[in-house]
>>> print(open('structure-v6.pdb').read())   # PDB, N, CA and C atoms
MODEL        1
ATOM      1  N   MET Y   1     129.266 126.587 208.607
ATOM      2  CA  MET Y   1     130.318 127.583 208.683
ATOM      3  C   MET Y   1     129.688 128.971 208.635
ATOM      4  N   SER Y   2     130.121 129.821 209.510
ATOM      5  CA  SER Y   2     129.620 131.186 209.504
ATOM      6  C   SER Y   2     130.471 132.044 208.582
ATOM      7  N   ALA Y   3     130.101 133.279 208.448
ATOM      8  CA  ALA Y   3     130.826 134.195 207.576
ATOM      9  C   ALA Y   3     131.858 135.011 208.344
ATOM     10  N   LEU Y   4     132.245 134.572 209.533
ATOM     11  CA  LEU Y   4     133.230 135.306 210.307
ATOM     12  C   LEU Y   4     134.563 135.300 209.573
ATOM     13  N   PRO Y   5     135.260 136.444 209.546
ATOM     14  CA  PRO Y   5     136.490 136.530 208.755
ATOM     15  C   PRO Y   5     137.630 135.674 209.271
ATOM     16  N   HIS Y   6     137.616 135.279 210.542
ATOM     17  CA  HIS Y   6     138.719 134.484 211.068
ATOM     18  C   HIS Y   6     138.572 132.998 210.794
ATOM     19  N   GLU Y   7     137.437 132.583 210.255
ATOM     20  CA  GLU Y   7     137.248 131.178 209.940
ATOM     21  C   GLU Y   7     137.786 130.879 208.552
ATOM     22  N   PRO Y   8     138.509 129.764 208.411
ATOM     23  CA  PRO Y   8     139.091 129.455 207.112
ATOM     24  C   PRO Y   8     138.032 129.142 206.072
ATOM     25  N   SER Y   9     138.335 129.513 204.846
ATOM     26  CA  SER Y   9     137.436 129.186 203.749
ATOM     27  C   SER Y   9     137.598 127.706 203.418
ATOM     28  N   PRO Y  10     136.675 127.121 202.633
ATOM     29  CA  PRO Y  10     136.797 125.696 202.309
ATOM     30  C   PRO Y  10     138.106 125.348 201.615
ATOM     31  N   ARG Y  11     138.724 126.273 200.896
ATOM     32  CA  ARG Y  11     139.970 125.976 200.199
ATOM     33  C   ARG Y  11     141.196 126.441 200.985
ATOM     34  N   ALA Y  12     141.032 126.596 202.290
ATOM     35  CA  ALA Y  12     142.107 127.159 203.099
ATOM     36  C   ALA Y  12     143.220 126.169 203.429
ATOM     37  N   ALA Y  13     143.101 124.916 203.038
ATOM     38  CA  ALA Y  13     144.165 123.956 203.333
ATOM     39  C   ALA Y  13     145.442 124.395 202.617
ATOM     40  N   TYR Y  14     146.535 124.301 203.329
ATOM     41  CA  TYR Y  14     147.814 124.723 202.768
ATOM     42  C   TYR Y  14     148.352 123.649 201.843
ATOM     43  N   ALA Y  15     148.805 124.054 200.670
ATOM     44  CA  ALA Y  15     149.363 123.111 199.710
ATOM     45  C   ALA Y  15     150.663 122.517 200.243
ATOM     46  N   ASP Y  16     151.459 123.331 200.914
ATOM     47  CA  ASP Y  16     152.733 122.893 201.459
ATOM     48  C   ASP Y  16     152.842 123.451 202.872
ATOM     49  N   PRO Y  17     152.832 122.600 203.886
ATOM     50  CA  PRO Y  17     152.856 123.107 205.252
ATOM     51  C   PRO Y  17     154.172 123.790 205.618
ATOM     52  N   HIS Y  18     155.198 123.644 204.783
ATOM     53  CA  HIS Y  18     156.485 124.285 205.051
ATOM     54  C   HIS Y  18     156.575 125.682 204.443
ATOM     55  N   ARG Y  19     155.569 126.077 203.685
ATOM     56  CA  ARG Y  19     155.631 127.362 202.993
ATOM     57  C   ARG Y  19     154.250 127.998 202.997
ATOM     58  N   LEU Y  20     154.170 129.247 203.385
ATOM     59  CA  LEU Y  20     152.909 129.984 203.368
ATOM     60  C   LEU Y  20     152.882 130.820 202.092
ATOM     61  N   GLU Y  21     152.034 130.422 201.160
ATOM     62  CA  GLU Y  21     151.926 131.142 199.895
ATOM     63  C   GLU Y  21     151.064 132.389 200.072
ATOM     64  N   ALA Y  22     151.168 133.310 199.146
ATOM     65  CA  ALA Y  22     150.456 134.588 199.246
ATOM     66  C   ALA Y  22     148.937 134.413 199.305
ATOM     67  N   HIS Y  23     148.399 133.413 198.610
ATOM     68  CA  HIS Y  23     146.943 133.222 198.564
ATOM     69  C   HIS Y  23     146.402 132.455 199.764
ATOM     70  N   GLU Y  24     147.273 132.000 200.653
ATOM     71  CA  GLU Y  24     146.856 131.223 201.812
ATOM     72  C   GLU Y  24     146.800 132.115 203.054
ATOM     73  N   GLY Y  25     145.857 131.817 203.924
ATOM     74  CA  GLY Y  25     145.744 132.585 205.157
ATOM     75  C   GLY Y  25     145.008 133.904 204.949
ATOM     76  N   PRO Y  26     145.057 134.788 205.949
ATOM     77  CA  PRO Y  26     144.350 136.075 205.852
ATOM     78  C   PRO Y  26     144.829 136.877 204.640
ATOM     79  N   GLN Y  27     143.875 137.509 203.955
ATOM     80  CA  GLN Y  27     144.191 138.245 202.733
ATOM     81  C   GLN Y  27     144.093 139.762 202.888
ATOM     82  N   THR Y  28     143.536 140.219 203.978
ATOM     83  CA  THR Y  28     143.426 141.658 204.228
ATOM     84  C   THR Y  28     143.850 141.936 205.660
ATOM     85  N   LEU Y  29     144.107 143.204 205.947
ATOM     86  CA  LEU Y  29     144.434 143.561 207.325
ATOM     87  C   LEU Y  29     143.266 143.266 208.254
ATOM     88  N   ALA Y  30     142.043 143.467 207.784
ATOM     89  CA  ALA Y  30     140.867 143.176 208.610
ATOM     90  C   ALA Y  30     140.803 141.690 208.945
ATOM     91  N   GLU Y  31     141.049 140.822 207.960
ATOM     92  CA  GLU Y  31     141.052 139.375 208.214
ATOM     93  C   GLU Y  31     142.178 138.987 209.162
ATOM     94  N   LEU Y  32     143.346 139.596 208.971
ATOM     95  CA  LEU Y  32     144.480 139.288 209.833
ATOM     96  C   LEU Y  32     144.196 139.724 211.267
ATOM     97  N   ARG Y  33     143.655 140.905 211.424
ATOM     98  CA  ARG Y  33     143.320 141.385 212.773
ATOM     99  C   ARG Y  33     142.257 140.503 213.430
ATOM    100  N   ALA Y  34     141.264 140.082 212.671
ATOM    101  CA  ALA Y  34     140.221 139.211 213.226
ATOM    102  C   ALA Y  34     140.814 137.874 213.676
ATOM    103  N   ALA Y  35     141.699 137.305 212.868
ATOM    104  CA  ALA Y  35     142.331 136.032 213.226
ATOM    105  C   ALA Y  35     143.220 136.185 214.456
ATOM    106  N   LEU Y  36     143.968 137.281 214.527
ATOM    107  CA  LEU Y  36     144.835 137.514 215.679
ATOM    108  C   LEU Y  36     144.020 137.750 216.947
ATOM    109  N   ALA Y  37     142.872 138.418 216.819
ATOM    110  CA  ALA Y  37     142.017 138.658 217.981
ATOM    111  C   ALA Y  37     141.505 137.351 218.574
ATOM    112  N   VAL Y  38     141.224 136.370 217.706
ATOM    113  CA  VAL Y  38     140.770 135.068 218.172
ATOM    114  C   VAL Y  38     141.908 134.337 218.883
ATOM    115  N   ILE Y  39     143.114 134.448 218.354
ATOM    116  CA  ILE Y  39     144.269 133.788 218.958
ATOM    117  C   ILE Y  39     144.563 134.391 220.328
ATOM    118  N   SER Y  40     144.679 135.736 220.367
ATOM    119  CA  SER Y  40     145.009 136.402 221.627
ATOM    120  C   SER Y  40     144.887 137.912 221.456
ATOM    121  N   PRO Y  41     144.151 138.580 222.335
ATOM    122  CA  PRO Y  41     144.078 140.038 222.277
ATOM    123  C   PRO Y  41     145.459 140.680 222.445
ATOM    124  N   THR Y  42     146.331 140.041 223.202
ATOM    125  CA  THR Y  42     147.689 140.568 223.390
ATOM    126  C   THR Y  42     148.471 140.509 222.081
ATOM    127  N   THR Y  43     148.302 139.429 221.347
ATOM    128  CA  THR Y  43     148.968 139.285 220.048
ATOM    129  C   THR Y  43     148.455 140.335 219.081
ATOM    130  N   LEU Y  44     147.152 140.584 219.093
ATOM    131  CA  LEU Y  44     146.585 141.618 218.234
ATOM    132  C   LEU Y  44     147.148 142.987 218.595
ATOM    133  N   ALA Y  45     147.240 143.285 219.881
ATOM    134  CA  ALA Y  45     147.784 144.578 220.318
ATOM    135  C   ALA Y  45     149.241 144.721 219.887
ATOM    136  N   ALA Y  46     150.017 143.643 220.006
ATOM    137  CA  ALA Y  46     151.414 143.682 219.577
ATOM    138  C   ALA Y  46     151.514 143.916 218.069
ATOM    139  N   PHE Y  47     150.663 143.246 217.296
ATOM    140  CA  PHE Y  47     150.647 143.436 215.842
ATOM    141  C   PHE Y  47     150.349 144.894 215.497
ATOM    142  N   ASN Y  48     149.292 145.438 216.107
ATOM    143  CA  ASN Y  48     148.919 146.825 215.815
ATOM    144  C   ASN Y  48     150.045 147.789 216.169
ATOM    145  N   ALA Y  49     150.706 147.568 217.296
ATOM    146  CA  ALA Y  49     151.804 148.446 217.703
ATOM    147  C   ALA Y  49     152.974 148.347 216.727
ATOM    148  N   GLU Y  50     153.333 147.119 216.335
ATOM    149  CA  GLU Y  50     154.439 146.946 215.387
ATOM    150  C   GLU Y  50     154.102 147.523 214.025
ATOM    151  N   LEU Y  51     152.876 147.320 213.577
ATOM    152  CA  LEU Y  51     152.474 147.849 212.273
ATOM    153  C   LEU Y  51     152.467 149.374 212.293
ATOM    154  N   ASP Y  52     151.973 149.956 213.383
ATOM    155  CA  ASP Y  52     151.963 151.414 213.503
ATOM    156  C   ASP Y  52     153.373 151.998 213.527
ATOM    157  N   ALA Y  53     154.319 151.274 214.092
ATOM    158  CA  ALA Y  53     155.694 151.771 214.209
ATOM    159  C   ALA Y  53     156.531 151.520 212.956
ATOM    160  N   ALA Y  54     156.089 150.614 212.106
ATOM    161  CA  ALA Y  54     156.874 150.250 210.917
ATOM    162  C   ALA Y  54     156.753 151.314 209.839
ATOM    163  N   ARG Y  55     157.862 151.538 209.148
ATOM    164  CA  ARG Y  55     157.857 152.461 208.018
ATOM    165  C   ARG Y  55     157.180 151.784 206.828
ATOM    166  N   PHE Y  56     156.607 152.594 205.929
ATOM    167  CA  PHE Y  56     155.975 152.048 204.734
ATOM    168  C   PHE Y  56     156.975 151.202 203.951
ATOM    169  N   GLY Y  57     156.475 150.177 203.297
ATOM    170  CA  GLY Y  57     157.320 149.351 202.440
ATOM    171  C   GLY Y  57     157.719 148.045 203.083
ATOM    172  N   ALA Y  58     159.000 147.713 202.981
ATOM    173  CA  ALA Y  58     159.496 146.410 203.420
ATOM    174  C   ALA Y  58     159.268 146.165 204.909
ATOM    175  N   ALA Y  59     159.400 147.188 205.725
ATOM    176  CA  ALA Y  59     159.209 147.003 207.173
ATOM    177  C   ALA Y  59     157.769 146.592 207.485
ATOM    178  N   GLN Y  60     156.802 147.240 206.846
ATOM    179  CA  GLN Y  60     155.404 146.854 207.061
ATOM    180  C   GLN Y  60     155.134 145.465 206.497
ATOM    181  N   ASP Y  61     155.692 145.171 205.342
ATOM    182  CA  ASP Y  61     155.510 143.848 204.741
ATOM    183  C   ASP Y  61     156.029 142.752 205.670
ATOM    184  N   GLU Y  62     157.166 143.006 206.319
ATOM    185  CA  GLU Y  62     157.736 142.007 207.227
ATOM    186  C   GLU Y  62     156.847 141.800 208.447
ATOM    187  N   VAL Y  63     156.285 142.858 209.001
ATOM    188  CA  VAL Y  63     155.378 142.727 210.151
ATOM    189  C   VAL Y  63     154.158 141.913 209.758
ATOM    190  N   ILE Y  64     153.577 142.234 208.618
ATOM    191  CA  ILE Y  64     152.387 141.515 208.158
ATOM    192  C   ILE Y  64     152.721 140.047 207.910
ATOM    193  N   SER Y  65     153.845 139.768 207.256
ATOM    194  CA  SER Y  65     154.243 138.385 206.978
ATOM    195  C   SER Y  65     154.471 137.607 208.260
ATOM    196  N   ARG Y  66     155.123 138.223 209.228
ATOM    197  CA  ARG Y  66     155.400 137.535 210.491
ATOM    198  C   ARG Y  66     154.103 137.153 211.204
ATOM    199  N   TYR Y  67     153.136 138.055 211.214
ATOM    200  CA  TYR Y  67     151.882 137.753 211.895
ATOM    201  C   TYR Y  67     150.980 136.826 211.081
ATOM    202  N   ARG Y  68     151.120 136.798 209.761
ATOM    203  CA  ARG Y  68     150.408 135.794 208.969
ATOM    204  C   ARG Y  68     150.941 134.411 209.307
ATOM    205  N   ARG Y  69     152.263 134.309 209.513
ATOM    206  CA  ARG Y  69     152.841 133.027 209.941
ATOM    207  C   ARG Y  69     152.340 132.662 211.336
ATOM    208  N   THR Y  70     152.207 133.654 212.213
ATOM    209  CA  THR Y  70     151.673 133.401 213.555
ATOM    210  C   THR Y  70     150.289 132.768 213.470
ATOM    211  N   VAL Y  71     149.455 133.299 212.585
ATOM    212  CA  VAL Y  71     148.108 132.742 212.398
ATOM    213  C   VAL Y  71     148.207 131.311 211.890
ATOM    214  N   ALA Y  72     149.076 131.071 210.924
ATOM    215  CA  ALA Y  72     149.225 129.715 210.378
ATOM    216  C   ALA Y  72     149.683 128.740 211.462
ATOM    217  N   PHE Y  73     150.655 129.149 212.275
ATOM    218  CA  PHE Y  73     151.146 128.267 213.338
ATOM    219  C   PHE Y  73     150.050 127.968 214.354
ATOM    220  N   ALA Y  74     149.231 128.956 214.651
ATOM    221  CA  ALA Y  74     148.226 128.799 215.708
ATOM    222  C   ALA Y  74     146.956 128.100 215.242
ATOM    223  N   THR Y  75     146.659 128.144 213.948
ATOM    224  CA  THR Y  75     145.364 127.665 213.486
ATOM    225  C   THR Y  75     145.434 126.447 212.569
ATOM    226  N   ARG Y  76     146.595 126.131 212.057
ATOM    227  CA  ARG Y  76     146.701 125.020 211.104
ATOM    228  C   ARG Y  76     147.593 123.931 211.685
ATOM    229  N   PRO Y  77     147.018 122.818 212.124
ATOM    230  CA  PRO Y  77     147.819 121.769 212.751
ATOM    231  C   PRO Y  77     148.914 121.209 211.844
ATOM    232  N   GLU Y  78     148.681 121.168 210.535
ATOM    233  CA  GLU Y  78     149.698 120.625 209.641
ATOM    234  C   GLU Y  78     150.923 121.526 209.566
ATOM    235  N   VAL Y  79     150.721 122.828 209.743
ATOM    236  CA  VAL Y  79     151.849 123.762 209.747
ATOM    237  C   VAL Y  79     152.661 123.573 211.024
ATOM    238  N   ALA Y  80     151.979 123.513 212.163
ATOM    239  CA  ALA Y  80     152.676 123.291 213.437
ATOM    240  C   ALA Y  80     153.418 121.952 213.428
ATOM    241  N   ALA Y  81     152.806 120.918 212.861
ATOM    242  CA  ALA Y  81     153.457 119.609 212.782
ATOM    243  C   ALA Y  81     154.694 119.657 211.888
ATOM    244  N   ALA Y  82     154.623 120.384 210.787
ATOM    245  CA  ALA Y  82     155.770 120.504 209.884
ATOM    246  C   ALA Y  82     156.930 121.221 210.571
ATOM    247  N   VAL Y  83     156.619 122.256 211.326
ATOM    248  CA  VAL Y  83     157.669 122.982 212.050
ATOM    249  C   VAL Y  83     158.293 122.062 213.107
ATOM    250  N   ARG Y  84     157.439 121.361 213.861
ATOM    251  CA  ARG Y  84     157.951 120.442 214.886
ATOM    252  C   ARG Y  84     158.855 119.376 214.276
ATOM    253  N   SER Y  85     158.431 118.780 213.163
ATOM    254  CA  SER Y  85     159.239 117.719 212.547
ATOM    255  C   SER Y  85     160.553 118.273 211.989
ATOM    256  N   SER Y  86     160.540 119.515 211.529
ATOM    257  CA  SER Y  86     161.778 120.132 211.057
ATOM    258  C   SER Y  86     162.742 120.368 212.216
ATOM    259  N   LEU Y  87     162.201 120.817 213.342
ATOM    260  CA  LEU Y  87     163.046 121.116 214.494
ATOM    261  C   LEU Y  87     163.590 119.872 215.174
ATOM    262  N   ASP Y  88     162.809 118.791 215.202
ATOM    263  CA  ASP Y  88     163.283 117.593 215.897
ATOM    264  C   ASP Y  88     164.012 116.613 214.977
ATOM    265  N   GLY Y  89     164.171 116.990 213.709
ATOM    266  CA  GLY Y  89     164.956 116.172 212.785
ATOM    267  C   GLY Y  89     164.230 115.002 212.167
ATOM    268  N   THR Y  90     162.908 114.942 212.314
ATOM    269  CA  THR Y  90     162.167 113.816 211.746
ATOM    270  C   THR Y  90     161.525 114.149 210.400
ATOM    271  N   ALA Y  91     161.689 115.356 209.935
ATOM    272  CA  ALA Y  91     161.099 115.745 208.649
ATOM    273  C   ALA Y  91     161.833 115.041 207.508
ATOM    274  N   ASP Y  92     161.082 114.717 206.469
ATOM    275  CA  ASP Y  92     161.715 114.155 205.282
ATOM    276  C   ASP Y  92     162.471 115.266 204.579
ATOM    277  N   ALA Y  93     163.756 115.057 204.406
ATOM    278  CA  ALA Y  93     164.570 116.047 203.708
ATOM    279  C   ALA Y  93     164.202 116.032 202.227
ATOM    280  N   ARG Y  94     164.177 117.200 201.651
ATOM    281  CA  ARG Y  94     163.889 117.293 200.222
ATOM    282  C   ARG Y  94     165.195 117.489 199.460
ATOM    283  N   PRO Y  95     165.300 116.873 198.291
ATOM    284  CA  PRO Y  95     166.524 117.049 197.508
ATOM    285  C   PRO Y  95     166.695 118.509 197.094
ATOM    286  N   VAL Y  96     167.926 118.948 197.022
ATOM    287  CA  VAL Y  96     168.212 120.332 196.651
ATOM    288  C   VAL Y  96     167.689 120.626 195.237
ATOM    289  N   ASP Y  97     167.623 119.611 194.382
ATOM    290  CA  ASP Y  97     167.095 119.822 193.027
ATOM    291  C   ASP Y  97     165.636 120.284 193.073
ATOM    292  N   ASP Y  98     164.869 119.799 194.057
ATOM    293  CA  ASP Y  98     163.486 120.252 194.202
ATOM    294  C   ASP Y  98     163.430 121.739 194.519
ATOM    295  N   LEU Y  99     164.339 122.195 195.378
ATOM    296  CA  LEU Y  99     164.390 123.612 195.726
ATOM    297  C   LEU Y  99     164.690 124.446 194.491
ATOM    298  N   PHE Y 100     165.693 124.057 193.732
ATOM    299  CA  PHE Y 100     166.058 124.835 192.558
ATOM    300  C   PHE Y 100     164.959 124.803 191.496
ATOM    301  N   ALA Y 101     164.282 123.682 191.354
ATOM    302  CA  ALA Y 101     163.168 123.603 190.405
ATOM    303  C   ALA Y 101     162.055 124.548 190.831
ATOM    304  N   TYR Y 102     161.778 124.587 192.131
ATOM    305  CA  TYR Y 102     160.756 125.511 192.643
ATOM    306  C   TYR Y 102     161.172 126.956 192.380
ATOM    307  N   LEU Y 103     162.408 127.296 192.699
ATOM    308  CA  LEU Y 103     162.870 128.679 192.512
ATOM    309  C   LEU Y 103     162.916 129.050 191.036
ATOM    310  N   ASP Y 104     163.307 128.126 190.170
ATOM    311  CA  ASP Y 104     163.323 128.407 188.732
ATOM    312  C   ASP Y 104     161.897 128.658 188.219
ATOM    313  N   GLY Y 105     160.928 127.915 188.738
ATOM    314  CA  GLY Y 105     159.548 128.055 188.299
ATOM    315  C   GLY Y 105     158.919 129.360 188.736
ATOM    316  N   ARG Y 106     159.398 129.953 189.830
ATOM    317  CA  ARG Y 106     158.818 131.214 190.322
ATOM    318  C   ARG Y 106     159.045 132.353 189.343
ATOM    319  N   GLY Y 107     160.152 132.333 188.626
ATOM    320  CA  GLY Y 107     160.456 133.427 187.714
ATOM    321  C   GLY Y 107     159.754 133.307 186.377
ATOM    322  N   THR Y 108     159.083 132.181 186.114
ATOM    323  CA  THR Y 108     158.448 131.967 184.814
ATOM    324  C   THR Y 108     156.937 131.993 184.884
ATOM    325  N   ALA Y 109     156.382 132.472 186.000
ATOM    326  CA  ALA Y 109     154.918 132.514 186.127
ATOM    327  C   ALA Y 109     154.337 133.481 185.116
ATOM    328  N   ALA Y 110     153.212 133.087 184.530
ATOM    329  CA  ALA Y 110     152.590 133.909 183.476
ATOM    330  C   ALA Y 110     151.822 135.058 184.059
TER     331      ALA Y 110
ENDMDL
END
>>> encode(input="structure-v6.pdb", output="structure tokens")
Amino acid sequence: MSALPHEPSPRAAYADPHRLEAHEGPQTLAELRAALAVISPTTLAAFNAELDAARFGAAQDEVISRYRRTVAFATRPEVAAAVRSSLDGTADARPVDDLFAYLDGRGTAA
């Protein structure tokens, strides 16, 4: 493995292919831009244009989040498979209690 920023680290496997956690995927704008450049120069140009046009705060956060998901969809087969199975109805449905347990646990992090 080289030290190129667009290559995943050894711990880059996603814990849950249905959810992109903050510690997963590119962690800096430089890493995100490098990953997008590998996917498509057009995608990188679109990201830069949207980021430049976005106002500070939530608008920029949304642009960054959307393109982090783009990287996950393009580079992680388990993420693409999870999306496909959700769309075609073959995904295992999770009980609503699991969702509420997850959401309850988010507010109690130390």
>>> atom_distance(input="structure-v6.pdb", atom1="atom CA of Thr43 of chain Y", atom2="atom N of Arg68 of chain Y")
10.8 Å
>>> resolve_selection(input="structure-v6.pdb", expression="the PyMOL selection byres (((chain Y and resi 28-33 and name CA) around 9) and name CA)", output="PyMOL selection string")
chain Y and resi 5-6+25-27+34-38+44+47-48+64+67-68+71
>>> atom_distance(input="structure-v6.pdb", atom1="atom N of Asp88 of chain Y", atom2="atom C of Ser65 of chain Y")
21.7 Å
>>> residues_around(input="structure-v6.pdb", residues="Asp16 of chain Y", least_positions_apart="3", cutoff="8 Å", atoms="all atoms listed in the file", output="PyMOL selection string")
chain Y and resi 13+19-21+78-79
>>> select_by_dssp(input="structure-v6.pdb", residues="segment 9-87 of chain Y", states="helix (DSSP H, G or I)", output="PyMOL selection string")
chain Y and resi 29-39+41-53+58-75+77-87
>>> atom_distance(input="structure-v6.pdb", atom1="atom C of Gly89 of chain Y", atom2="atom N of Thr70 of chain Y")
22.2 Å
>>> decode(input="structure-v6.pdb", residues="segment 23-83 of chain Y", atoms="C-alpha atoms", output="mmCIF file, in the first residue's frame")
data_model
loop_
_atom_site.group_PDB
_atom_site.id
_atom_site.type_symbol
_atom_site.label_atom_id
_atom_site.label_comp_id
_atom_site.auth_asym_id
_atom_site.auth_seq_id
_atom_site.Cartn_x
_atom_site.Cartn_y
_atom_site.Cartn_z
ATOM 1 C CA HIS Y 23 -14.461 8.599 11.293
ATOM 2 C CA GLU Y 24 -14.993 6.661 8.050
ATOM 3 C CA GLY Y 25 -13.883 7.826 4.630
ATOM 4 C CA PRO Y 26 -11.896 10.992 3.831
ATOM 5 C CA GLN Y 27 -11.100 13.052 6.927
ATOM 6 C CA THR Y 28 -9.802 16.273 5.375
ATOM 7 C CA LEU Y 29 -10.644 18.373 2.356
ATOM 8 C CA ALA Y 30 -7.319 17.326 0.816
ATOM 9 C CA GLU Y 31 -8.203 13.627 1.231
ATOM 10 C CA LEU Y 32 -11.690 14.220 -0.135
ATOM 11 C CA ARG Y 33 -10.363 16.092 -3.154
ATOM 12 C CA ALA Y 34 -7.780 13.369 -3.828
ATOM 13 C CA ALA Y 35 -10.457 10.655 -3.671
ATOM 14 C CA LEU Y 36 -12.798 12.621 -5.937
ATOM 15 C CA ALA Y 37 -9.985 13.231 -8.440
ATOM 16 C CA VAL Y 38 -9.468 9.471 -8.715
ATOM 17 C CA ILE Y 39 -13.196 8.896 -9.243
ATOM 18 C CA SER Y 40 -13.608 11.638 -11.855
ATOM 19 C CA PRO Y 41 -12.044 15.035 -12.576
ATOM 20 C CA THR Y 42 -15.556 16.262 -13.424
ATOM 21 C CA THR Y 43 -16.815 15.207 -9.997
ATOM 22 C CA LEU Y 44 -13.904 17.015 -8.364
ATOM 23 C CA ALA Y 45 -14.657 20.177 -10.360
ATOM 24 C CA ALA Y 46 -18.330 19.985 -9.356
ATOM 25 C CA PHE Y 47 -17.359 19.550 -5.686
ATOM 26 C CA ASN Y 48 -15.014 22.543 -5.790
ATOM 27 C CA ALA Y 49 -17.660 24.711 -7.465
ATOM 28 C CA GLU Y 50 -20.362 23.716 -4.961
ATOM 29 C CA LEU Y 51 -18.043 24.186 -2.000
ATOM 30 C CA ASP Y 52 -16.945 27.602 -3.269
ATOM 31 C CA ALA Y 53 -20.578 28.677 -3.702
ATOM 32 C CA ALA Y 54 -21.790 27.370 -0.331
ATOM 33 C CA ARG Y 55 -22.119 29.692 2.629
ATOM 34 C CA PHE Y 56 -20.121 28.884 5.767
ATOM 35 C CA GLY Y 57 -21.792 26.467 8.157
ATOM 36 C CA ALA Y 58 -24.558 24.011 7.343
ATOM 37 C CA ALA Y 59 -24.432 24.585 3.577
ATOM 38 C CA GLN Y 60 -20.728 23.707 3.413
ATOM 39 C CA ASP Y 61 -21.244 20.748 5.739
ATOM 40 C CA GLU Y 62 -23.955 19.400 3.424
ATOM 41 C CA VAL Y 63 -21.718 19.691 0.335
ATOM 42 C CA ILE Y 64 -18.881 17.902 2.107
ATOM 43 C CA SER Y 65 -21.215 15.173 3.424
ATOM 44 C CA ARG Y 66 -22.763 14.604 0.006
ATOM 45 C CA TYR Y 67 -19.378 14.160 -1.651
ATOM 46 C CA ARG Y 68 -18.103 11.919 1.163
ATOM 47 C CA ARG Y 69 -21.086 9.682 0.374
ATOM 48 C CA THR Y 70 -20.130 9.870 -3.316
ATOM 49 C CA VAL Y 71 -16.684 8.525 -2.420
ATOM 50 C CA ALA Y 72 -18.215 5.743 -0.319
ATOM 51 C CA PHE Y 73 -20.586 4.729 -3.130
ATOM 52 C CA ALA Y 74 -17.795 4.720 -5.706
ATOM 53 C CA THR Y 75 -15.054 3.029 -3.697
ATOM 54 C CA ARG Y 76 -16.700 0.661 -1.220
ATOM 55 C CA PRO Y 77 -18.538 -2.294 -2.777
ATOM 56 C CA GLU Y 78 -20.374 -3.096 0.463
ATOM 57 C CA VAL Y 79 -21.884 0.397 0.510
ATOM 58 C CA ALA Y 80 -23.048 0.141 -3.110
ATOM 59 C CA ALA Y 81 -24.473 -3.331 -2.394
ATOM 60 C CA ALA Y 82 -26.357 -2.045 0.662
ATOM 61 C CA VAL Y 83 -27.895 0.778 -1.364
#
